[in-house]
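Here's the structure, in C-alpha cells; my notes come after.
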Amino acid sequence: MMTTVSEVIPQSECLELYARTWIRQSAQVVALLFIVLFAIWYVGLLDFGILADGIPAILTLAGEATPPNFANAQDWIKPLMDTLAMSVAGTAMAVILSFPLAFLAARNTTPHSVIFQITRTLLNALRSVPELIMGIIFVAAVGFGALPGVLALGLHSVGMVGKFFAEAIEHVDEAPVEAARAAGATPLQVLFHAVLPQVLPQFADVSIYRWEYNFRASTVMGMVGAGGIGFELMGSLRIMQYQEVSAILLVILVMVTLVDSLSGRLRKKFK
C-alpha cells in the first residue's frame with residue numbers, strides 16, 4: 001500500500017514549508033532585481049537627458065559615414081587574411097595548450113589536489129587579463145604584426161577553453177570509467193578509452209565557438225598594432241575618414257557572418 005506525502009508530513013507543515021520556500025525565492029529575486037536596477041542607475045543608463053543629447057551627435061556621425069567608401073577595398077584583402085589567420089592560429093594554440101591543462105584542472109582526472117589548484121589558478125589568471133592588454137604587452141615585446149595578436153588571443157583563450165574543457169571532463173559518465181578500471185586499464189588508457197570519447201564532441205564545439213570569438217577579437221587586436229583589418233580601421237579613424245570607416249565595418253560584418261555560418265556547419269558535423 002502506497003503512502004502519500006501528506007500522510008507522511010502533516011498538511012500544515014507542508015503549507016508552512018511551501019510558504020518559507022516561496023518567501024526565500026521571492027526575496028532572492030527581489031535582491032537580484034535591486035542589484036540590476038542599482039547597476040543601471042549607477043552607470044547612467046536611466047539618464048534619458050544625456051542619452052537624448054547624444055542622439056544628434058550620432059546622427060551627424062552617421063551622416064558623415066554615408067555612403068561607405070570602398071575605394072581602397074583592394075588594400076584590405078591582406079589585412080583581412082591576417083585577421084583570419086590570426087584567429088585560426090590563436091585558437092589552435094589555445095586548444096593545444098588547453099588539452100593537457102584541462103585534465104589537470106578536472107577534479108576527476110587530476111593526479112593531485114595541489115596540481116588541481118595550481119592549474120585552476122593559472123587558467124583564472126590567463127582568463128582575467130583581457131586580450132587587448134595582452135596585445136599591448138606582446139606588441140612591446142615582439143614588435144608590430146600578427147604574431148603579438150596570435151600570442152594574445154591564444155594565451156587569453158587558454159583560460160576560457162581550458163575551463164570549459166575541464167568542466168566537460170568533470171561531467172563525464174562514470175560508468176565507462178569504472179568499467180575500464182575494472183578491466184585493468186592504466187590511468188592513461190582510462191583517459192583515452194573512457195573519458196576522451198565522451199568529451200571530444202564538446203571539445204570540438206567549444207573550439208569552434210572560441211574561433212568565432214577570436215575572429216571578432218582579432219579585429220580589435222589591430223587597434224593596438226597587432227596587424228589585421230583592425231589596424232586599417234584605426235588608421236581611418238585617426239584621419240577621420242568616416243566613409244572609409246563605415247566601409248571597413250561593413251566588410252568586417254560580412255566576414256563575421258561568413259565565419260558564423262561556417263562554424264555552424266562545422267558544429268553540425270561534430271554532433
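Please note that chains go A, B, ... in the order of the C-alpha cells, that every chain numbers its residues from 1, and that ligands are numbered from 1 in the order shown.
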
Item to complete: Give the alpha helix (DSSP H) residues of segment 61-168 of chain A, as DSSP finds them on the backbone, and put them as a PyMOL selection string.
Response: chain A and resi 61-64+77-105+113-128+131-142+146-168

Item to complete: Using only C-alpha atoms, determine which residues lie at most 9 Å from segment 146-154 of chain A, disregarding the query and same-chain residues fewer than 3 positions distant; provide the list as a PyMOL selection string.
Response: chain A and resi 82-83+85-95+97+130-143+157-158+214+217-218+221-222+225-228

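Surrounding segment 171-179 of chain A within 12 Å are Ala106, Arg107, Asn108, Thr109, Phe164, Phe165, Ala166, Glu167, Ala183, Gly184, Ala185, Thr186, Pro187, Leu188, Gln189, Val190, Leu191, Phe192, His193, Ala194, Val195, Leu196, Pro197, Gln198, Val199, Leu200 and Gln202 of chain A, with only C-alpha atoms counted and residues fewer than 4 positions along the same chain left out.
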
Discussion item. Which residues are near segment 61-64 of chain A? Cut-off 9 Å, only C-alpha atoms, ignore same chain within fewer than 3 positions. Put them as an MDAnalysis selection string.
Written reply: chainID A and resid 56:58 67 241:243 246

With a distance cut-off of 8 Å and only C-alpha atoms, select the neighbouring residues of segment 230-240 of chain A, excluding the residue or stretch itself and same-chain residues fewer than 6 positions from it, and output the selection as a PDB file with N, CA and C atoms, in the first residue's frame.
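Full text of result_35.pdb as output:
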ATOM      1  N   TRP A  76      42.549  46.100 -48.376  1.00  0.00           N
ATOM      2  CA  TRP A  76      42.070  45.448 -47.154  1.00  0.00           C
ATOM      3  C   TRP A  76      42.106  43.926 -47.249  1.00  0.00           C
ATOM      4  N   PRO A  79      45.062  42.529 -44.966  1.00  0.00           N
ATOM      5  CA  PRO A  79      44.717  42.641 -43.549  1.00  0.00           C
ATOM      6  C   PRO A  79      43.594  41.693 -43.124  1.00  0.00           C
ATOM      7  N   SER A 218      40.138  39.497 -32.920  1.00  0.00           N
ATOM      8  CA  SER A 218      41.337  39.801 -33.698  1.00  0.00           C
ATOM      9  C   SER A 218      41.215  41.127 -34.431  1.00  0.00           C
ATOM     10  N   THR A 219      39.986  41.573 -34.710  1.00  0.00           N
ATOM     11  CA  THR A 219      39.821  42.892 -35.338  1.00  0.00           C
ATOM     12  C   THR A 219      40.217  43.999 -34.367  1.00  0.00           C
ATOM     13  N   VAL A 220      40.022  43.754 -33.070  1.00  0.00           N
ATOM     14  CA  VAL A 220      40.403  44.735 -32.054  1.00  0.00           C
ATOM     15  C   VAL A 220      41.913  44.730 -31.863  1.00  0.00           C
ATOM     16  N   MET A 221      42.545  43.557 -32.027  1.00  0.00           N
ATOM     17  CA  MET A 221      43.992  43.457 -31.850  1.00  0.00           C
ATOM     18  C   MET A 221      44.743  44.427 -32.763  1.00  0.00           C
ATOM     19  N   GLY A 222      44.199  44.660 -33.963  1.00  0.00           N
ATOM     20  CA  GLY A 222      44.852  45.573 -34.883  1.00  0.00           C
ATOM     21  C   GLY A 222      44.914  46.991 -34.368  1.00  0.00           C
ATOM     22  N   MET A 223      44.011  47.343 -33.486  1.00  0.00           N
ATOM     23  CA  MET A 223      43.989  48.708 -32.966  1.00  0.00           C
ATOM     24  C   MET A 223      45.161  48.997 -32.032  1.00  0.00           C
ATOM     25  N   VAL A 224      45.830  47.939 -31.535  1.00  0.00           N
ATOM     26  CA  VAL A 224      46.990  48.164 -30.662  1.00  0.00           C
ATOM     27  C   VAL A 224      48.281  47.805 -31.393  1.00  0.00           C
ATOM     28  N   ILE A 248      34.811  49.685 -43.971  1.00  0.00           N
ATOM     29  CA  ILE A 248      35.568  48.626 -43.291  1.00  0.00           C
ATOM     30  C   ILE A 248      34.675  47.869 -42.322  1.00  0.00           C
ATOM     31  N   LEU A 249      33.806  48.591 -41.613  1.00  0.00           N
ATOM     32  CA  LEU A 249      32.881  47.922 -40.680  1.00  0.00           C
ATOM     33  C   LEU A 249      31.930  46.978 -41.411  1.00  0.00           C
TER      34      LEU A 249
END

Fill in: Non-local contacts of segment 255-271 of chain A (8 Å; only C-alpha atoms; under 4 positions in same chain excluded) as a PyMOL selection string
chain A and resi 201+204-205+208-209+212+215-216+251

Restricting it to C-alpha atoms, dump the selection as a short mmCIF file (atom, residue, chain, number, x, y, z; two decimals), in the first residue's frame.
data_model
loop_
_atom_site.label_atom_id
_atom_site.label_comp_id
_atom_site.auth_asym_id
_atom_site.auth_seq_id
_atom_site.Cartn_x
_atom_site.Cartn_y
_atom_site.Cartn_z
CA PRO A 201 32.32 16.42 -29.30
CA ALA A 204 35.14 20.46 -30.78
CA ASP A 205 32.07 22.58 -30.02
CA ILE A 208 34.63 26.29 -32.85
CA TYR A 209 32.80 28.77 -30.63
CA GLU A 212 34.17 32.70 -33.72
CA PHE A 215 37.90 36.31 -35.17
CA ARG A 216 35.89 39.20 -33.73
CA VAL A 251 33.45 44.27 -44.62
#

Worksheet item: Between A:Gly162, A:Gly54, A:Pro68, A:Gly49, which has the minimum distance to Leu126 of chain A (counting only C-alpha atoms)?
Response: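 Closest residue, counting only C-alpha atoms: A:Gly162.
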
Practice prompt. For atom CA of Ala71 of chain A and atom CA of Glu244 of chain A, quote the distance in Å rounded to one decimal.
Written response: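 Atom-to-atom, atom CA of Ala71 of chain A and atom CA of Glu244 of chain A are spaced 8.2 Å apart.
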